[in-house]
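Quick look at my_file_37.cif (mmCIF, C-alpha atoms):
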```cif
data_coords
#
loop_
_atom_site.label_atom_id
_atom_site.label_comp_id
_atom_site.auth_asym_id
_atom_site.auth_seq_id
_atom_site.Cartn_x
_atom_site.Cartn_y
_atom_site.Cartn_z
CA ALA A 1 -15.40 -15.95 -18.25
CA LEU A 2 -11.72 -15.03 -18.64
CA GLU A 3 -9.50 -16.48 -15.90
CA ARG A 4 -5.98 -15.99 -17.31
CA LEU A 5 -4.64 -12.98 -19.21
CA ASN A 6 -1.10 -12.53 -20.50
CA LEU A 7 -0.23 -9.02 -21.72
CA SER A 8 3.51 -9.22 -21.13
CA ASN A 9 6.10 -7.76 -23.52
CA ASN A 10 3.92 -4.99 -24.89
CA MET A 11 4.10 -1.20 -24.64
CA LEU A 12 1.19 -0.58 -22.25
CA SER A 13 1.44 2.63 -20.23
CA ALA A 14 -2.03 2.31 -18.69
CA LEU A 15 -4.87 -0.14 -18.31
CA PRO A 16 -8.40 0.57 -19.53
CA ALA A 17 -11.10 1.18 -16.91
CA SER A 18 -12.89 -1.85 -18.31
CA VAL A 19 -10.46 -4.18 -16.48
CA SER A 20 -12.77 -3.81 -13.48
CA SER A 21 -15.28 -6.01 -15.31
CA LEU A 22 -12.90 -8.99 -15.29
CA LYS A 23 -14.47 -10.38 -12.15
CA LYS A 24 -13.33 -13.98 -12.70
CA LEU A 25 -9.72 -13.24 -13.69
CA LYS A 26 -7.28 -15.14 -11.50
CA ILE A 27 -3.92 -14.68 -13.24
CA LEU A 28 -2.72 -11.44 -14.87
CA ASN A 29 0.72 -11.03 -16.43
CA LEU A 30 1.72 -7.43 -17.21
CA ALA A 31 5.48 -7.92 -17.15
CA HIS A 32 7.73 -5.96 -19.54
CA ASN A 33 5.45 -3.00 -20.21
CA SER A 34 5.66 0.74 -19.46
CA LEU A 35 3.28 1.04 -16.51
CA SER A 36 4.14 3.83 -14.07
CA THR A 37 0.90 3.44 -12.11
CA VAL A 38 -1.88 0.94 -11.55
CA GLN A 39 -5.36 2.40 -11.82
CA ASP A 40 -7.85 2.08 -8.97
CA GLU A 41 -10.12 -0.03 -11.20
CA VAL A 42 -7.78 -2.96 -10.62
CA MET A 43 -8.96 -3.21 -7.00
CA LEU A 44 -12.36 -4.34 -8.35
CA MET A 45 -10.85 -7.50 -9.84
CA ASP A 46 -12.12 -9.55 -6.92
CA SER A 47 -10.79 -12.96 -8.01
CA LEU A 48 -7.20 -11.98 -8.86
CA GLU A 49 -4.72 -14.39 -7.26
CA GLN A 50 -1.50 -13.93 -9.26
CA LEU A 51 -0.18 -10.63 -10.61
CA ASN A 52 3.10 -10.04 -12.42
CA LEU A 53 4.12 -6.39 -12.77
CA SER A 54 7.85 -6.97 -13.15
CA HIS A 55 9.91 -4.90 -15.59
CA ASN A 56 7.72 -1.80 -15.54
CA LEU A 57 8.21 1.80 -14.38
CA LEU A 58 6.58 1.74 -10.95
CA ALA A 59 8.16 4.09 -8.42
CA SER A 60 5.98 3.08 -5.46
CA PHE A 61 3.76 0.25 -4.29
CA PRO A 62 0.37 0.72 -6.01
CA TYR A 63 -2.54 1.37 -3.64
CA ALA A 64 -4.94 -0.72 -5.74
CA LEU A 65 -2.96 -3.87 -4.94
CA VAL A 66 -3.52 -3.75 -1.18
CA ARG A 67 -7.27 -3.93 -1.82
CA LEU A 68 -7.02 -7.28 -3.64
CA GLN A 69 -8.21 -9.62 -0.91
CA LYS A 70 -7.40 -12.86 -2.78
CA LEU A 71 -3.97 -11.86 -4.11
CA ALA A 72 -1.54 -14.67 -3.28
CA ALA A 73 1.45 -14.11 -5.58
CA LEU A 74 2.84 -10.69 -6.51
CA ASN A 75 5.92 -9.89 -8.59
CA LEU A 76 7.18 -6.29 -8.69
CA SER A 77 10.76 -7.04 -9.71
CA PHE A 78 12.79 -4.68 -11.92
CA ASN A 79 10.85 -1.51 -11.13
CA SER A 80 12.03 1.73 -9.51
CA CYS A 81 10.61 1.44 -5.99
CA ILE A 82 12.73 3.05 -3.28
CA HIS A 83 10.28 2.42 -0.41
CA LEU A 84 7.21 0.37 0.46
CA ALA A 85 4.95 3.24 1.45
CA VAL A 86 1.51 2.89 -0.13
CA MET A 87 0.18 6.23 -1.33
CA PRO A 88 -3.61 6.46 -0.85
CA PRO A 89 -5.91 7.78 -3.59
CA LEU A 90 -6.40 11.54 -3.80
CA LEU A 91 -9.68 13.42 -3.93
CA LYS A 92 -11.06 15.18 -7.01
CA PRO A 93 -12.20 18.82 -7.31
CA ARG A 94 -15.83 17.64 -7.37
CA ASP A 95 -15.35 16.28 -3.85
CA MET A 96 -15.42 19.76 -2.31
CA TRP A 97 -19.04 20.20 -3.37
CA ILE A 98 -22.17 18.62 -1.92
CA ASP A 99 -25.73 18.68 -3.18
CA TYR A 100 -27.75 21.21 -1.20
CA LEU A 101 -31.38 22.35 -1.24
CA ASP A 102 -31.33 26.14 -1.27
CA LYS A 103 -34.68 26.98 0.32
CA SER A 104 -34.38 30.63 -0.65
CA ILE A 105 -34.81 29.73 -4.30
CA GLY A 106 -36.39 26.30 -3.92
CA GLN A 107 -33.72 24.58 -6.01
CA MET A 108 -30.93 22.05 -5.61
CA VAL A 109 -27.52 23.68 -5.86
CA PHE A 110 -23.93 22.79 -5.02
CA MET A 111 -22.45 23.94 -1.70
CA ASN A 112 -18.73 24.25 -1.04
CA VAL A 113 -17.78 22.18 2.02
CA PHE A 114 -15.02 24.64 2.97
CA THR A 115 -16.72 28.00 2.52
CA ARG A 116 -20.47 27.16 2.26
CA GLU A 117 -20.56 29.08 -1.02
CA LYS A 118 -23.43 28.01 -3.28
CA MET A 119 -23.26 27.50 -7.02
CA LYS A 120 -25.74 26.31 -9.62
CA LYS A 121 -22.88 25.21 -11.88
CA ILE A 122 -19.58 24.44 -10.23
CA GLU A 123 -17.66 24.81 -13.49
CA PHE A 124 -18.19 28.58 -13.13
CA TYR A 125 -16.64 28.74 -9.65
CA ASP A 126 -13.79 31.27 -9.54
CA GLY A 127 -12.19 29.99 -6.32
CA ALA A 128 -12.49 33.32 -4.51
CA GLY A 129 -13.87 31.92 -1.27
CA VAL A 130 -11.33 29.13 -1.01
CA ALA A 131 -8.52 31.57 -1.73
CA GLN A 132 -9.62 33.66 1.28
CA ALA A 133 -9.93 30.66 3.63
CA ARG A 134 -6.55 31.21 5.28
CA ASP A 135 -6.62 28.01 7.35
CA LEU A 136 -6.44 25.95 4.15
CA HIS A 137 -3.17 27.55 3.11
CA VAL A 138 -1.06 27.46 6.27
CA PHE A 139 0.28 24.51 8.27
CA GLN A 140 -2.15 23.03 10.79
CA PRO A 141 -0.99 20.86 13.72
CA GLU A 142 -2.67 17.55 14.44
CA SER A 143 -3.55 18.93 17.86
CA HIS A 144 -6.19 21.03 16.06
CA PRO A 145 -8.08 18.15 14.38
CA LYS A 146 -10.80 20.18 12.65
CA ALA A 147 -8.34 22.57 11.00
CA TYR A 148 -5.98 19.68 10.25
CA LEU A 149 -8.71 17.69 8.46
CA ARG A 150 -9.85 20.73 6.47
CA ARG A 151 -6.34 21.39 5.16
CA LYS A 152 -5.74 17.68 4.55
CA MET A 153 -8.87 17.49 2.41
CA TRP A 154 -7.98 20.67 0.52
CA LEU A 155 -4.47 19.43 -0.24
CA SER A 156 -5.87 16.11 -1.47
CA ILE A 157 -8.20 17.96 -3.85
CA CYS A 158 -5.11 19.84 -5.05
CA GLN A 159 -3.41 16.46 -5.67
CA THR A 160 -1.02 16.81 -2.74
CA TYR A 161 -0.59 13.98 -0.24
CA GLU A 162 -0.91 14.34 3.52
CA TRP A 163 2.39 12.49 3.96
CA GLU A 164 5.01 12.37 1.23
CA PRO A 165 8.12 10.18 1.06
CA VAL A 166 11.38 12.03 0.39
CA GLN A 167 14.73 10.43 -0.35
CA ASP A 168 17.57 11.88 1.72
CA SER A 169 20.32 12.88 -0.71
CA ALA A 170 23.11 12.12 1.76
CA THR A 171 22.09 8.64 2.92
CA GLY A 172 19.60 7.47 0.31
CA SER A 173 17.17 6.68 3.13
CA THR A 174 13.53 7.72 2.95
CA TYR A 175 11.94 10.14 5.40
CA PHE A 176 8.39 11.45 5.39
CA VAL A 177 7.14 15.02 5.23
CA ASN A 178 3.67 16.00 6.40
CA ASN A 179 2.30 18.60 4.00
CA VAL A 180 -0.58 19.41 6.35
CA SER A 181 1.41 20.22 9.48
CA GLY A 182 4.92 20.75 8.13
CA GLU A 183 6.50 18.13 10.41
CA SER A 184 8.74 15.31 9.23
CA SER A 185 9.54 11.81 10.45
CA TRP A 186 12.01 9.02 9.74
CA THR A 187 9.32 6.50 10.70
CA MET A 188 6.74 5.55 8.10
CA PRO A 189 3.38 7.03 9.20
CA ALA A 190 0.45 4.66 9.67
CA ALA A 191 -1.41 6.43 6.85
CA LEU A 192 1.14 5.03 4.35
CA ASP A 193 1.76 1.64 5.95
CA SER A 194 -0.80 -0.55 4.18
CA LEU A 195 1.36 -3.45 3.02
CA GLY A 196 0.10 -5.55 5.92
CA LEU A 197 -3.40 -5.53 4.43
CA LEU A 198 -2.27 -8.20 1.95
CA THR A 199 -3.05 -10.99 4.40
CA SER A 200 -3.69 -13.55 1.62
CA LEU A 201 -0.20 -13.05 0.14
CA THR A 202 1.97 -16.18 0.05
CA GLU A 203 4.65 -15.06 -2.44
CA LEU A 204 6.21 -11.59 -2.77
CA THR A 205 9.01 -11.01 -5.26
CA MET A 206 10.66 -7.58 -5.59
CA THR A 207 14.15 -8.15 -6.94
CA ASN A 208 16.15 -5.27 -8.45
CA ASN A 209 14.47 -2.29 -6.84
CA SER A 210 16.10 0.14 -4.39
CA ILE A 211 14.26 -0.62 -1.15
CA LYS A 212 16.20 -0.03 2.07
CA GLU A 213 13.74 -1.25 4.72
CA PHE A 214 10.46 -3.04 5.37
CA PRO A 215 7.49 -1.12 6.82
CA PRO A 216 6.15 -1.84 10.34
CA SER A 217 3.13 -3.74 8.98
CA PHE A 218 5.42 -6.27 7.26
CA GLY A 219 5.03 -8.56 10.27
CA ARG A 220 1.31 -8.94 9.54
CA LEU A 221 1.96 -10.94 6.35
CA LEU A 222 1.53 -14.13 8.32
CA GLY A 223 0.68 -16.29 5.30
CA LEU A 224 3.89 -15.41 3.46
CA LYS A 225 5.76 -18.53 2.33
CA LYS A 226 8.19 -17.10 -0.22
CA LEU A 227 9.95 -13.73 -0.03
CA VAL A 228 12.45 -12.75 -2.72
CA PHE A 229 14.17 -9.37 -2.32
CA ARG A 230 17.43 -9.91 -4.22
CA SER A 231 19.40 -6.85 -5.35
CA ASN A 232 17.81 -4.16 -3.23
CA LYS A 233 19.44 -1.94 -0.59
CA LEU A 234 18.20 -3.56 2.61
CA ALA A 235 20.48 -2.64 5.49
CA SER A 236 18.51 -4.47 8.18
CA LEU A 237 15.57 -6.77 8.79
CA PRO A 238 12.80 -6.03 11.29
CA ALA A 239 12.46 -8.29 14.32
CA ASP A 240 8.92 -9.01 13.14
CA VAL A 241 10.34 -11.32 10.49
CA GLY A 242 10.28 -13.89 13.28
CA LEU A 243 6.48 -13.72 13.26
CA LEU A 244 6.33 -15.12 9.72
CA LYS A 245 6.08 -18.76 10.78
CA ALA A 246 4.92 -19.90 7.31
CA LEU A 247 8.01 -18.46 5.60
CA ALA A 248 9.91 -21.28 3.89
CA HIS A 249 11.88 -19.48 1.15
CA LEU A 250 13.78 -16.27 1.91
CA ASP A 251 16.14 -14.78 -0.70
CA LEU A 252 17.95 -11.59 0.30
CA ALA A 253 21.07 -11.95 -1.83
CA SER A 254 22.91 -8.81 -3.00
CA ASN A 255 21.63 -6.36 -0.40
CA GLU A 256 23.53 -4.33 2.23
CA LEU A 257 22.82 -6.44 5.32
CA ARG A 258 25.39 -6.32 8.11
CA LEU A 259 23.40 -7.94 10.92
CA LEU A 260 20.49 -10.36 11.10
CA PRO A 261 17.82 -10.26 13.82
CA VAL A 262 17.99 -13.05 16.38
CA GLU A 263 14.29 -13.69 15.66
CA LEU A 264 15.08 -14.95 12.14
#
```
Rewrite the structure from the file as structure tokens, please.
Amino acid sequence: ALERLNLSNNMLSALPASVSSLKKLKILNLAHNSLSTVQDEVMLMDSLEQLNLSHNLLASFPYALVRLQKLAALNLSFNSCIHLAVMPPLLKPRDMWIDYLDKSIGQMVFMNVFTREKMKKIEFYDGAGVAQARDLHVFQPESHPKAYLRRKMWLSICQTYEWEPVQDSATGSTYFVNNVSGESSWTMPAALDSLGLLTSLTELTMTNNSIKEFPPSFGRLLGLKKLVFRSNKLASLPADVGLLKALAHLDLASNELRLLPVEL
């Protein structure tokens, strides 16, 4: 079974779904391609330990990567990342339908989870019921959890995220807008802070991006031994960097640091 695969210096803009069958692959080099996203199928590559995605077109940290439980070395240098928020996968239009036994006709049909409309063939659905469901189309506060979850699910089906990072034009910093409730926050919401799931990571290299800060979960990367963040826009380091007792190599050259935490 294939354990090493080098596809660097090509013109790949996507990976085939069949990569999920590479169950024994340990080392994958995709440097110098044209990848703007990493498909969810990659998260099924259970044995992957080293991944090089440098010199591509990634604008954010791919969600599929945080599901790789054995990933030890990751290189995302020379991409276009401005933050380390991890955008979760979105739902598909089929997800608003469930199989339902319509006893009135004695047949299985599809039922809309929002409106309870029933259809024999969902491709003929005209959207009338959803259009009239007003709660799906106006902001819903988190204090009303049922309405909030309904709108969150509807937006996801429409390919809109619950929380969305936005770059402030004046400062270049990233803030986060909640498309469900309409609120905004300068603090990364927990729903986007998944970097800390990479507990097997020992080396993280992200030179030449435009990242200004680490997310709160950064301090959970307790196995990290080598961190290279040259040529970004880091203005500060979190105090949690002091929790990374295994860290032996730290390269933060050519950033915008003015102060260092005493915990370093």
Target residues per the PyMOL selection byres ((chain A and resi 217-227) around 9), formatted as a VMD selection string: chain A and resid 72 190 193 to 206 214 to 216 228 to 229 238 to 252
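For the atom pair formed by atom CA of Asn232 of chain A and atom CA of Ile82 of chain A, the distance is 8.8 Å, given to one decimal.
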Shell around Gln39 of chain A at 10 Å using all atoms listed in the file, local window under 4 positions removed, as a list in words: Ala14, Leu15, Pro16, Ala17, Val19, Ser20, Leu35, Met43, Pro62, Tyr63, Ala64, Leu65 and Pro89 of chain A
Answer key for the PyMOL selection byres ((chain A and resi 119-131) around 6), residues as a compact mmCIF listing (two decimals) with C-alpha atoms, keeping the file's coordinate frame:
```
# COMPACT_ATOMS: atom_id res chain seq x y z
CA VAL A 109 -27.52 23.68 -5.86
CA PHE A 110 -23.93 22.79 -5.02
CA LYS A 118 -23.43 28.01 -3.28
CA GLN A 132 -9.62 33.66 1.28
CA ALA A 133 -9.93 30.66 3.63
```
For Glu183 of chain A: contacts at 12 Å, all atoms listed in the file, fewer than 6 positions along chain excluded, given as a PyMOL selection string: chain A and resi 139-142+162-164+175-177+189
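Taking atom CA of Ser181 of chain A and atom CA of Pro93 of chain A as the two end points, the separation is 21.7 Å.
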For Ser21 of chain A: contacts at 12 Å, all atoms listed in the file, fewer than 6 positions along chain excluded, given as a ChimeraX atom specification: /A:1-3,41-48
